[in-house]
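A.B. asks: This one is work_33.txt, compact mmCIF, N, CA and C atoms.
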```
# COMPACT_ATOMS: atom_id res chain seq x y z
N MET X 173 41.88 -249.25 -26.96
CA MET X 173 42.46 -248.15 -27.69
C MET X 173 41.33 -247.28 -28.24
N LYS X 174 41.54 -245.97 -28.24
CA LYS X 174 40.58 -245.07 -28.85
C LYS X 174 41.34 -243.97 -29.59
N MET X 175 40.69 -243.34 -30.52
CA MET X 175 41.33 -242.31 -31.32
C MET X 175 41.64 -241.10 -30.43
N HIS X 176 42.84 -240.54 -30.61
CA HIS X 176 43.21 -239.33 -29.89
C HIS X 176 42.90 -238.09 -30.72
N HIS X 177 43.41 -238.03 -31.95
CA HIS X 177 43.09 -236.92 -32.84
C HIS X 177 43.41 -237.29 -34.29
N ILE X 178 42.89 -236.48 -35.19
CA ILE X 178 43.17 -236.58 -36.62
C ILE X 178 43.99 -235.35 -36.97
N GLY X 179 45.12 -235.52 -37.64
CA GLY X 179 45.96 -234.39 -38.01
C GLY X 179 45.86 -234.07 -39.49
N LEU X 180 45.69 -232.79 -39.79
CA LEU X 180 45.59 -232.33 -41.18
C LEU X 180 46.53 -231.15 -41.39
N TYR X 181 47.36 -231.21 -42.42
CA TYR X 181 48.14 -230.05 -42.82
C TYR X 181 47.27 -229.16 -43.68
N THR X 182 47.47 -227.85 -43.54
CA THR X 182 46.70 -226.90 -44.33
C THR X 182 47.60 -225.74 -44.74
N ASN X 183 47.31 -225.18 -45.90
CA ASN X 183 48.01 -223.98 -46.34
C ASN X 183 47.28 -222.72 -45.88
N ASN X 184 46.04 -222.87 -45.41
CA ASN X 184 45.25 -221.72 -44.96
C ASN X 184 44.56 -222.10 -43.65
N LEU X 185 45.23 -221.82 -42.55
CA LEU X 185 44.75 -222.23 -41.23
C LEU X 185 43.41 -221.61 -40.89
N SER X 186 43.25 -220.31 -41.11
CA SER X 186 41.99 -219.65 -40.74
C SER X 186 40.81 -220.18 -41.55
N GLU X 187 41.01 -220.44 -42.84
CA GLU X 187 39.93 -221.00 -43.67
C GLU X 187 39.54 -222.40 -43.18
N THR X 188 40.53 -223.22 -42.85
CA THR X 188 40.26 -224.58 -42.41
C THR X 188 39.58 -224.58 -41.04
N GLU X 189 40.03 -223.72 -40.12
CA GLU X 189 39.38 -223.59 -38.81
C GLU X 189 37.92 -223.18 -38.99
N SER X 190 37.68 -222.19 -39.83
CA SER X 190 36.33 -221.69 -40.07
C SER X 190 35.43 -222.77 -40.66
N PHE X 191 35.96 -223.55 -41.60
CA PHE X 191 35.19 -224.63 -42.22
C PHE X 191 34.70 -225.62 -41.17
N TYR X 192 35.61 -226.12 -40.34
CA TYR X 192 35.22 -227.13 -39.35
C TYR X 192 34.32 -226.55 -38.25
N GLU X 193 34.49 -225.27 -37.95
CA GLU X 193 33.61 -224.63 -36.98
C GLU X 193 32.21 -224.44 -37.55
N THR X 194 32.12 -223.90 -38.76
CA THR X 194 30.83 -223.59 -39.38
C THR X 194 30.07 -224.84 -39.79
N MET X 195 30.74 -225.77 -40.43
CA MET X 195 30.06 -226.93 -41.00
C MET X 195 29.78 -228.02 -39.98
N PHE X 196 30.68 -228.22 -39.02
CA PHE X 196 30.56 -229.37 -38.13
C PHE X 196 30.52 -229.02 -36.64
N GLY X 197 30.57 -227.74 -36.29
CA GLY X 197 30.44 -227.35 -34.89
C GLY X 197 31.68 -227.52 -34.03
N PHE X 198 32.86 -227.63 -34.65
CA PHE X 198 34.09 -227.72 -33.87
C PHE X 198 34.39 -226.38 -33.21
N ARG X 199 35.07 -226.44 -32.07
CA ARG X 199 35.47 -225.24 -31.34
C ARG X 199 36.97 -225.31 -31.06
N LEU X 200 37.59 -224.13 -31.03
CA LEU X 200 39.01 -224.05 -30.73
C LEU X 200 39.27 -224.57 -29.32
N ASP X 201 40.19 -225.51 -29.20
CA ASP X 201 40.59 -226.03 -27.89
C ASP X 201 41.89 -225.35 -27.45
N ARG X 202 42.88 -225.32 -28.33
CA ARG X 202 44.14 -224.63 -28.03
C ARG X 202 44.94 -224.44 -29.31
N ARG X 203 45.86 -223.47 -29.25
CA ARG X 203 46.74 -223.19 -30.39
C ARG X 203 48.16 -223.07 -29.84
N ILE X 204 49.10 -223.75 -30.49
CA ILE X 204 50.49 -223.71 -30.06
C ILE X 204 51.39 -223.52 -31.27
N GLN X 205 52.65 -223.14 -31.02
CA GLN X 205 53.63 -223.03 -32.10
C GLN X 205 54.86 -223.84 -31.69
N ILE X 206 55.26 -224.76 -32.58
CA ILE X 206 56.42 -225.61 -32.32
C ILE X 206 57.27 -225.65 -33.58
N PHE X 207 58.54 -225.30 -33.46
CA PHE X 207 59.49 -225.37 -34.58
C PHE X 207 58.95 -224.71 -35.85
N GLY X 208 58.33 -223.56 -35.72
CA GLY X 208 57.84 -222.82 -36.87
C GLY X 208 56.48 -223.24 -37.38
N GLU X 209 55.91 -224.29 -36.82
CA GLU X 209 54.57 -224.72 -37.23
C GLU X 209 53.54 -224.20 -36.23
N ILE X 210 52.46 -223.64 -36.76
CA ILE X 210 51.32 -223.26 -35.92
C ILE X 210 50.38 -224.44 -35.90
N ILE X 211 50.01 -224.88 -34.71
CA ILE X 211 49.16 -226.06 -34.55
C ILE X 211 47.92 -225.67 -33.77
N THR X 212 46.76 -225.97 -34.35
CA THR X 212 45.48 -225.70 -33.71
C THR X 212 44.80 -227.02 -33.41
N PHE X 213 44.29 -227.15 -32.19
CA PHE X 213 43.47 -228.30 -31.84
C PHE X 213 42.03 -227.82 -31.72
N MET X 214 41.13 -228.49 -32.42
CA MET X 214 39.71 -228.17 -32.36
C MET X 214 38.95 -229.41 -31.92
N LYS X 215 37.90 -229.20 -31.13
CA LYS X 215 37.14 -230.34 -30.61
C LYS X 215 35.66 -230.18 -30.89
N HIS X 216 35.02 -231.34 -31.06
CA HIS X 216 33.57 -231.45 -31.13
C HIS X 216 33.21 -232.77 -30.48
N GLU X 217 32.53 -232.69 -29.36
CA GLU X 217 32.21 -233.86 -28.56
C GLU X 217 33.49 -234.64 -28.28
N GLU X 218 33.59 -235.89 -28.70
CA GLU X 218 34.77 -236.71 -28.43
C GLU X 218 35.80 -236.67 -29.55
N ILE X 219 35.55 -235.89 -30.59
CA ILE X 219 36.45 -235.85 -31.74
C ILE X 219 37.39 -234.66 -31.62
N CYS X 220 38.67 -234.90 -31.86
CA CYS X 220 39.68 -233.84 -31.84
C CYS X 220 40.41 -233.85 -33.18
N ILE X 221 40.51 -232.67 -33.81
CA ILE X 221 41.30 -232.56 -35.03
C ILE X 221 42.45 -231.59 -34.76
N GLU X 222 43.59 -231.92 -35.32
CA GLU X 222 44.79 -231.10 -35.20
C GLU X 222 45.06 -230.50 -36.58
N LEU X 223 45.06 -229.19 -36.66
CA LEU X 223 45.32 -228.49 -37.92
C LEU X 223 46.72 -227.91 -37.85
N LEU X 224 47.55 -228.26 -38.82
CA LEU X 224 48.95 -227.84 -38.81
C LEU X 224 49.22 -226.91 -39.98
N LYS X 225 49.77 -225.73 -39.68
CA LYS X 225 50.16 -224.77 -40.71
C LYS X 225 51.67 -224.69 -40.72
N SER X 226 52.26 -224.98 -41.85
CA SER X 226 53.71 -224.94 -41.97
C SER X 226 54.09 -224.27 -43.28
N ASP X 227 54.97 -223.29 -43.20
CA ASP X 227 55.43 -222.64 -44.42
C ASP X 227 56.42 -223.51 -45.19
N SER X 228 56.98 -224.52 -44.53
CA SER X 228 57.99 -225.35 -45.18
C SER X 228 57.40 -226.59 -45.86
N ILE X 229 56.10 -226.83 -45.68
CA ILE X 229 55.47 -228.01 -46.27
C ILE X 229 54.35 -227.57 -47.20
N ASP X 230 54.39 -228.03 -48.44
CA ASP X 230 53.30 -227.79 -49.39
C ASP X 230 52.48 -229.06 -49.43
N PHE X 231 51.40 -229.09 -48.66
CA PHE X 231 50.63 -230.32 -48.49
C PHE X 231 49.24 -230.14 -49.06
N ASN X 232 48.80 -231.12 -49.81
CA ASN X 232 47.44 -231.16 -50.31
C ASN X 232 46.81 -232.41 -49.73
N GLY X 233 45.77 -232.25 -48.92
CA GLY X 233 45.21 -233.36 -48.16
C GLY X 233 44.29 -234.29 -48.92
N GLU X 234 44.35 -234.30 -50.25
CA GLU X 234 43.38 -235.10 -50.99
C GLU X 234 43.51 -236.60 -50.76
N SER X 235 44.62 -237.05 -50.20
CA SER X 235 44.75 -238.48 -49.91
C SER X 235 44.22 -238.83 -48.52
N ILE X 236 43.79 -237.84 -47.77
CA ILE X 236 43.30 -238.05 -46.40
C ILE X 236 41.81 -238.34 -46.43
N HIS X 237 41.40 -239.35 -45.67
CA HIS X 237 39.99 -239.71 -45.56
C HIS X 237 39.74 -240.12 -44.11
N PHE X 238 38.71 -239.57 -43.52
CA PHE X 238 38.32 -240.01 -42.19
C PHE X 238 36.80 -240.03 -42.10
N ALA X 239 36.29 -240.79 -41.14
CA ALA X 239 34.84 -240.99 -41.04
C ALA X 239 34.35 -240.67 -39.64
N TRP X 240 33.18 -240.04 -39.58
CA TRP X 240 32.52 -239.74 -38.32
C TRP X 240 31.16 -240.42 -38.32
N SER X 241 30.79 -240.93 -37.19
CA SER X 241 29.48 -241.55 -37.01
C SER X 241 28.46 -240.46 -36.66
N VAL X 242 27.30 -240.51 -37.30
CA VAL X 242 26.22 -239.56 -37.01
C VAL X 242 24.95 -240.35 -36.68
N GLU X 243 24.08 -239.74 -35.89
CA GLU X 243 22.83 -240.43 -35.53
C GLU X 243 21.90 -240.55 -36.72
N SER X 244 21.74 -239.46 -37.47
CA SER X 244 20.86 -239.46 -38.63
C SER X 244 21.59 -238.83 -39.81
N LEU X 245 21.94 -239.65 -40.79
CA LEU X 245 22.63 -239.13 -41.97
C LEU X 245 21.74 -238.12 -42.70
N LYS X 246 20.48 -238.43 -42.83
CA LYS X 246 19.54 -237.56 -43.54
C LYS X 246 19.49 -236.17 -42.89
N ASP X 247 19.35 -236.13 -41.56
CA ASP X 247 19.28 -234.85 -40.85
C ASP X 247 20.60 -234.08 -40.95
N THR X 248 21.71 -234.79 -40.82
CA THR X 248 23.02 -234.15 -40.90
C THR X 248 23.25 -233.58 -42.29
N MET X 249 22.86 -234.32 -43.32
CA MET X 249 23.00 -233.83 -44.68
C MET X 249 22.16 -232.58 -44.91
N LYS X 250 20.96 -232.54 -44.35
CA LYS X 250 20.11 -231.35 -44.47
C LYS X 250 20.76 -230.14 -43.81
N GLU X 251 21.35 -230.35 -42.62
CA GLU X 251 22.03 -229.26 -41.91
C GLU X 251 23.20 -228.72 -42.73
N LEU X 252 24.00 -229.63 -43.29
CA LEU X 252 25.15 -229.21 -44.08
C LEU X 252 24.72 -228.51 -45.37
N GLU X 253 23.65 -228.98 -45.98
CA GLU X 253 23.14 -228.33 -47.20
C GLU X 253 22.71 -226.90 -46.91
N LYS X 254 22.07 -226.67 -45.77
CA LYS X 254 21.67 -225.31 -45.38
C LYS X 254 22.88 -224.40 -45.23
N LYS X 255 24.02 -224.97 -44.87
CA LYS X 255 25.26 -224.21 -44.70
C LYS X 255 26.05 -224.10 -46.00
N GLY X 256 25.52 -224.68 -47.08
CA GLY X 256 26.16 -224.58 -48.38
C GLY X 256 27.14 -225.70 -48.71
N LEU X 257 27.11 -226.78 -47.94
CA LEU X 257 28.01 -227.89 -48.20
C LEU X 257 27.22 -229.08 -48.73
N ASN X 258 27.58 -229.53 -49.92
CA ASN X 258 26.90 -230.66 -50.56
C ASN X 258 27.85 -231.84 -50.69
N PRO X 259 27.31 -233.05 -50.68
CA PRO X 259 28.18 -234.22 -50.77
C PRO X 259 28.84 -234.32 -52.14
N ILE X 260 30.03 -234.93 -52.14
CA ILE X 260 30.69 -235.21 -53.42
C ILE X 260 30.35 -236.61 -53.89
N GLU X 261 29.85 -237.45 -52.95
CA GLU X 261 29.36 -238.81 -53.27
C GLU X 261 28.28 -239.18 -52.28
N GLY X 262 27.31 -239.95 -52.76
CA GLY X 262 26.28 -240.47 -51.87
C GLY X 262 25.10 -239.52 -51.77
N PRO X 263 24.15 -239.89 -50.95
CA PRO X 263 24.25 -240.94 -49.93
C PRO X 263 24.09 -242.34 -50.52
N TYR X 264 24.75 -243.28 -49.86
CA TYR X 264 24.67 -244.68 -50.23
C TYR X 264 24.06 -245.47 -49.07
N HIS X 265 23.29 -246.50 -49.42
CA HIS X 265 22.76 -247.45 -48.43
C HIS X 265 23.51 -248.76 -48.65
N LEU X 266 24.36 -249.12 -47.69
CA LEU X 266 25.21 -250.29 -47.83
C LEU X 266 24.51 -251.57 -47.39
N LYS X 267 25.01 -252.71 -47.86
CA LYS X 267 24.38 -254.00 -47.55
C LYS X 267 24.36 -254.31 -46.06
N ASN X 268 25.31 -253.78 -45.30
CA ASN X 268 25.35 -254.04 -43.86
C ASN X 268 24.40 -253.14 -43.06
N GLY X 269 23.62 -252.31 -43.77
CA GLY X 269 22.66 -251.43 -43.11
C GLY X 269 23.15 -250.01 -42.88
N TRP X 270 24.43 -249.77 -43.10
CA TRP X 270 24.95 -248.43 -42.92
C TRP X 270 24.47 -247.51 -44.04
N LYS X 271 24.38 -246.24 -43.72
CA LYS X 271 24.14 -245.19 -44.70
C LYS X 271 25.36 -244.27 -44.65
N THR X 272 25.85 -243.85 -45.81
CA THR X 272 27.08 -243.06 -45.83
C THR X 272 27.04 -242.01 -46.94
N ALA X 273 27.74 -240.91 -46.70
CA ALA X 273 27.91 -239.85 -47.69
C ALA X 273 29.30 -239.25 -47.50
N PHE X 274 29.84 -238.69 -48.58
CA PHE X 274 31.20 -238.16 -48.57
C PHE X 274 31.19 -236.68 -48.91
N TYR X 275 32.01 -235.92 -48.18
CA TYR X 275 32.16 -234.48 -48.38
C TYR X 275 33.64 -234.17 -48.56
N GLN X 276 33.92 -232.98 -49.10
CA GLN X 276 35.31 -232.58 -49.25
C GLN X 276 35.57 -231.33 -48.42
N GLY X 277 36.68 -231.36 -47.67
CA GLY X 277 37.08 -230.22 -46.85
C GLY X 277 37.91 -229.23 -47.64
N PRO X 278 38.31 -228.13 -47.01
CA PRO X 278 39.01 -227.06 -47.72
C PRO X 278 40.41 -227.42 -48.20
N THR X 279 41.03 -228.45 -47.66
CA THR X 279 42.35 -228.89 -48.15
C THR X 279 42.23 -230.20 -48.91
N HIS X 280 41.03 -230.46 -49.44
CA HIS X 280 40.72 -231.62 -50.28
C HIS X 280 40.63 -232.94 -49.51
N GLU X 281 40.62 -232.87 -48.18
CA GLU X 281 40.43 -234.09 -47.41
C GLU X 281 39.00 -234.59 -47.60
N ILE X 282 38.82 -235.90 -47.53
CA ILE X 282 37.50 -236.50 -47.69
C ILE X 282 36.93 -236.80 -46.31
N ILE X 283 35.73 -236.31 -46.07
CA ILE X 283 35.03 -236.49 -44.80
C ILE X 283 33.85 -237.40 -45.05
N GLU X 284 33.88 -238.57 -44.45
CA GLU X 284 32.80 -239.54 -44.61
C GLU X 284 31.91 -239.49 -43.38
N LEU X 285 30.62 -239.41 -43.61
CA LEU X 285 29.64 -239.48 -42.52
C LEU X 285 28.93 -240.81 -42.63
N ILE X 286 28.80 -241.50 -41.49
CA ILE X 286 28.19 -242.84 -41.47
C ILE X 286 27.10 -242.90 -40.42
N GLU X 287 25.94 -243.38 -40.83
CA GLU X 287 24.88 -243.75 -39.89
C GLU X 287 24.90 -245.28 -39.82
N SER X 288 25.21 -245.81 -38.65
CA SER X 288 25.32 -247.28 -38.53
C SER X 288 24.35 -247.82 -37.50
```
Would you put the structure from the file into structure tokens?
C.D. replies:
Amino acid sequence: MKMHHIGLYTNNLSETESFYETMFGFRLDRRIQIFGEIITFMKHEEICIELLKSDSIDFNGESIHFAWSVESLKDTMKELEKKGLNPIEGPYHLKNGWKTAFYQGPTHEIIELIES
């Protein structure tokens, strides 16, 4: 089994698309509309995120947390800092050897970066 995509509801689709494109290098894969919802799929390497805009749902993603593996946490953090994004927690060095830091996205989702 492997991950297919991560789905996030947003109240501002263009802001959320721009955030993931600017900060993490995601690119638009496709955009569709189903039952009044605008759905955008964005990809970066093997990761796919689904952004859903719905006028009928008032969703705040602060309970959402997902993690991406990075080769160098230090280098990735430097890149994000240059783009104006700073961690909300970390970096931490865990007992198992992992290094991790947490960021917040535009709909309050938590993005964890892990060097393992």
A.B. asks: To one decimal place, how far is CA of Thr212 in chain X from atom C of Ser244 in chain X in Å?
C.D. replies: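 Computed distance, CA of Thr212 in chain X to atom C of Ser244 in chain X, equals 27.9 Å.
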A.B. asks: What's the separation between atom N of Leu200 in chain X and CA of Thr279 in chain X, in Å to one decimal place?
C.D. replies: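 These atoms are spaced 18.4 Å apart.
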A.B. asks: In Å, rounded to a single decimal, give me how far CA of His216 in chain X is from CA of Ser190 in chain X.
C.D. replies: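 Calculated distance between CA of Ser190 in chain X and CA of His216 in chain X is 13.5 Å.
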A.B. asks: Would you pick out the contacts of range 241-243 of chain X at 6 Å or less, using only N, CA and C atoms, so that residues sharing its chain but fewer than 4 positions from it are not included, and give the list as a tab-separated table (two decimals) with N, CA and C atoms, in the coordinates of the input?
C.D. replies:
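This went into selection19.tsv:
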```tsv
chain	number	residue	atom	x	y	z
X	285	LEU	N	30.62	-239.41	-43.61
X	285	LEU	CA	29.64	-239.48	-42.52
X	285	LEU	C	28.93	-240.81	-42.63
X	286	ILE	N	28.80	-241.50	-41.49
X	286	ILE	CA	28.19	-242.84	-41.47
X	286	ILE	C	27.10	-242.90	-40.42
X	287	GLU	N	25.94	-243.38	-40.83
X	287	GLU	CA	24.88	-243.75	-39.89
X	287	GLU	C	24.90	-245.28	-39.82
X	288	SER	N	25.21	-245.81	-38.65
X	288	SER	CA	25.32	-247.28	-38.53
X	288	SER	C	24.35	-247.82	-37.50
```
A.B. asks: So, with only N, CA and C atoms as the atoms that count, which of X:Glu222, X:Glu209, X:Asp247, X:Glu284 lies closest to Tyr181 in chain X?
C.D. replies: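 With only N, CA and C atoms as the atom set, the closest residue is X:Glu222.
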A.B. asks: Going by DSSP on the backbone, which bits of chain X are strand (DSSP E)? Write them as a PyMOL selection string, please.
C.D. replies: chain X and resi 178-182+199-206+209-216+219-225+237-241+261-265+271-276+282-287
A.B. asks: Export, as a short mmCIF file (atom, residue, chain, number, x, y, z; two decimals), in the coordinates of the input, the selected residues with N, CA and C atoms.
C.D. replies:
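Once written, result_12.cif looks like this:
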```
data_model
loop_
_atom_site.label_atom_id
_atom_site.label_comp_id
_atom_site.auth_asym_id
_atom_site.auth_seq_id
_atom_site.Cartn_x
_atom_site.Cartn_y
_atom_site.Cartn_z
N ILE X 178 42.89 -236.48 -35.19
CA ILE X 178 43.17 -236.58 -36.62
C ILE X 178 43.99 -235.35 -36.97
N GLY X 179 45.12 -235.52 -37.64
CA GLY X 179 45.96 -234.39 -38.01
C GLY X 179 45.86 -234.07 -39.49
N LEU X 180 45.69 -232.79 -39.79
CA LEU X 180 45.59 -232.33 -41.18
C LEU X 180 46.53 -231.15 -41.39
N TYR X 181 47.36 -231.21 -42.42
CA TYR X 181 48.14 -230.05 -42.82
C TYR X 181 47.27 -229.16 -43.68
N THR X 182 47.47 -227.85 -43.54
CA THR X 182 46.70 -226.90 -44.33
C THR X 182 47.60 -225.74 -44.74
N ARG X 199 35.07 -226.44 -32.07
CA ARG X 199 35.47 -225.24 -31.34
C ARG X 199 36.97 -225.31 -31.06
N LEU X 200 37.59 -224.13 -31.03
CA LEU X 200 39.01 -224.05 -30.73
C LEU X 200 39.27 -224.57 -29.32
N ASP X 201 40.19 -225.51 -29.20
CA ASP X 201 40.59 -226.03 -27.89
C ASP X 201 41.89 -225.35 -27.45
N ARG X 202 42.88 -225.32 -28.33
CA ARG X 202 44.14 -224.63 -28.03
C ARG X 202 44.94 -224.44 -29.31
N ARG X 203 45.86 -223.47 -29.25
CA ARG X 203 46.74 -223.19 -30.39
C ARG X 203 48.16 -223.07 -29.84
N ILE X 204 49.10 -223.75 -30.49
CA ILE X 204 50.49 -223.71 -30.06
C ILE X 204 51.39 -223.52 -31.27
N GLN X 205 52.65 -223.14 -31.02
CA GLN X 205 53.63 -223.03 -32.10
C GLN X 205 54.86 -223.84 -31.69
N ILE X 206 55.26 -224.76 -32.58
CA ILE X 206 56.42 -225.61 -32.32
C ILE X 206 57.27 -225.65 -33.58
N GLU X 209 55.91 -224.29 -36.82
CA GLU X 209 54.57 -224.72 -37.23
C GLU X 209 53.54 -224.20 -36.23
N ILE X 210 52.46 -223.64 -36.76
CA ILE X 210 51.32 -223.26 -35.92
C ILE X 210 50.38 -224.44 -35.90
N ILE X 211 50.01 -224.88 -34.71
CA ILE X 211 49.16 -226.06 -34.55
C ILE X 211 47.92 -225.67 -33.77
N THR X 212 46.76 -225.97 -34.35
CA THR X 212 45.48 -225.70 -33.71
C THR X 212 44.80 -227.02 -33.41
N PHE X 213 44.29 -227.15 -32.19
CA PHE X 213 43.47 -228.30 -31.84
C PHE X 213 42.03 -227.82 -31.72
N MET X 214 41.13 -228.49 -32.42
CA MET X 214 39.71 -228.17 -32.36
C MET X 214 38.95 -229.41 -31.92
N LYS X 215 37.90 -229.20 -31.13
CA LYS X 215 37.14 -230.34 -30.61
C LYS X 215 35.66 -230.18 -30.89
N HIS X 216 35.02 -231.34 -31.06
CA HIS X 216 33.57 -231.45 -31.13
C HIS X 216 33.21 -232.77 -30.48
N ILE X 219 35.55 -235.89 -30.59
CA ILE X 219 36.45 -235.85 -31.74
C ILE X 219 37.39 -234.66 -31.62
N CYS X 220 38.67 -234.90 -31.86
CA CYS X 220 39.68 -233.84 -31.84
C CYS X 220 40.41 -233.85 -33.18
N ILE X 221 40.51 -232.67 -33.81
CA ILE X 221 41.30 -232.56 -35.03
C ILE X 221 42.45 -231.59 -34.76
N GLU X 222 43.59 -231.92 -35.32
CA GLU X 222 44.79 -231.10 -35.20
C GLU X 222 45.06 -230.50 -36.58
N LEU X 223 45.06 -229.19 -36.66
CA LEU X 223 45.32 -228.49 -37.92
C LEU X 223 46.72 -227.91 -37.85
N LEU X 224 47.55 -228.26 -38.82
CA LEU X 224 48.95 -227.84 -38.81
C LEU X 224 49.22 -226.91 -39.98
N LYS X 225 49.77 -225.73 -39.68
CA LYS X 225 50.16 -224.77 -40.71
C LYS X 225 51.67 -224.69 -40.72
N HIS X 237 41.40 -239.35 -45.67
CA HIS X 237 39.99 -239.71 -45.56
C HIS X 237 39.74 -240.12 -44.11
N PHE X 238 38.71 -239.57 -43.52
CA PHE X 238 38.32 -240.01 -42.19
C PHE X 238 36.80 -240.03 -42.10
N ALA X 239 36.29 -240.79 -41.14
CA ALA X 239 34.84 -240.99 -41.04
C ALA X 239 34.35 -240.67 -39.64
N TRP X 240 33.18 -240.04 -39.58
CA TRP X 240 32.52 -239.74 -38.32
C TRP X 240 31.16 -240.42 -38.32
N SER X 241 30.79 -240.93 -37.19
CA SER X 241 29.48 -241.55 -37.01
C SER X 241 28.46 -240.46 -36.66
N GLU X 261 29.85 -237.45 -52.95
CA GLU X 261 29.36 -238.81 -53.27
C GLU X 261 28.28 -239.18 -52.28
N GLY X 262 27.31 -239.95 -52.76
CA GLY X 262 26.28 -240.47 -51.87
C GLY X 262 25.10 -239.52 -51.77
N PRO X 263 24.15 -239.89 -50.95
CA PRO X 263 24.25 -240.94 -49.93
C PRO X 263 24.09 -242.34 -50.52
N TYR X 264 24.75 -243.28 -49.86
CA TYR X 264 24.67 -244.68 -50.23
C TYR X 264 24.06 -245.47 -49.07
N HIS X 265 23.29 -246.50 -49.42
CA HIS X 265 22.76 -247.45 -48.43
C HIS X 265 23.51 -248.76 -48.65
N LYS X 271 24.38 -246.24 -43.72
CA LYS X 271 24.14 -245.19 -44.70
C LYS X 271 25.36 -244.27 -44.65
N THR X 272 25.85 -243.85 -45.81
CA THR X 272 27.08 -243.06 -45.83
C THR X 272 27.04 -242.01 -46.94
N ALA X 273 27.74 -240.91 -46.70
CA ALA X 273 27.91 -239.85 -47.69
C ALA X 273 29.30 -239.25 -47.50
N PHE X 274 29.84 -238.69 -48.58
CA PHE X 274 31.20 -238.16 -48.57
C PHE X 274 31.19 -236.68 -48.91
N TYR X 275 32.01 -235.92 -48.18
CA TYR X 275 32.16 -234.48 -48.38
C TYR X 275 33.64 -234.17 -48.56
N GLN X 276 33.92 -232.98 -49.10
CA GLN X 276 35.31 -232.58 -49.25
C GLN X 276 35.57 -231.33 -48.42
N ILE X 282 38.82 -235.90 -47.53
CA ILE X 282 37.50 -236.50 -47.69
C ILE X 282 36.93 -236.80 -46.31
N ILE X 283 35.73 -236.31 -46.07
CA ILE X 283 35.03 -236.49 -44.80
C ILE X 283 33.85 -237.40 -45.05
N GLU X 284 33.88 -238.57 -44.45
CA GLU X 284 32.80 -239.54 -44.61
C GLU X 284 31.91 -239.49 -43.38
N LEU X 285 30.62 -239.41 -43.61
CA LEU X 285 29.64 -239.48 -42.52
C LEU X 285 28.93 -240.81 -42.63
N ILE X 286 28.80 -241.50 -41.49
CA ILE X 286 28.19 -242.84 -41.47
C ILE X 286 27.10 -242.90 -40.42
N GLU X 287 25.94 -243.38 -40.83
CA GLU X 287 24.88 -243.75 -39.89
C GLU X 287 24.90 -245.28 -39.82
#
```
A.B. asks: Find the residues with any atom within 5 Å of (31.7, -235.2, -48.8); use only N, CA and C atoms and the coordinates as given in the file, and write the answer as a list in words.
C.D. replies: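 Residues satisfying the cut-off, written out: Pro259, Ile260, Ala273, Phe274, Tyr275, Gln276 and Ile283 of chain X.
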A.B. asks: Which residues come within 7 Å of Met195 in chain X, counting only C-alpha atoms, excluding same-chain residues fewer than 3 positions away, as a VMD selection string?
C.D. replies: chain X and resid 191 to 192 252 255
A.B. asks: Just checking: using only C-alpha atoms, which residue out of X:Gly256, X:Gly179, X:Gly277, X:Gly269 ends up closest to Lys225 in chain X?
C.D. replies: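 The closest residue to Lys225 in chain X is X:Gly179.
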A.B. asks: Calculated over only N, CA and C atoms, which of the candidates X:His237, X:Arg202, X:Lys254, X:His177 has the smallest distance to Ile219 in chain X?
C.D. replies: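 The answer is X:His177, which sits nearest to Ile219 in chain X.
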A.B. asks: If DSSP is run on the backbone, what residues of chain X are alpha helix (DSSP H)? A reply as a list in words would be ideal.
C.D. replies: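 Here are the alpha helix (DSSP H) residues of chain X: Leu185, Ser186, Glu187, Thr188, Glu189, Ser190, Phe191, Tyr192, Glu193, Thr194, Met195, Phe196, Leu245, Lys246, Asp247, Thr248, Met249, Lys250, Glu251, Leu252, Glu253 and Lys254 of chain X.
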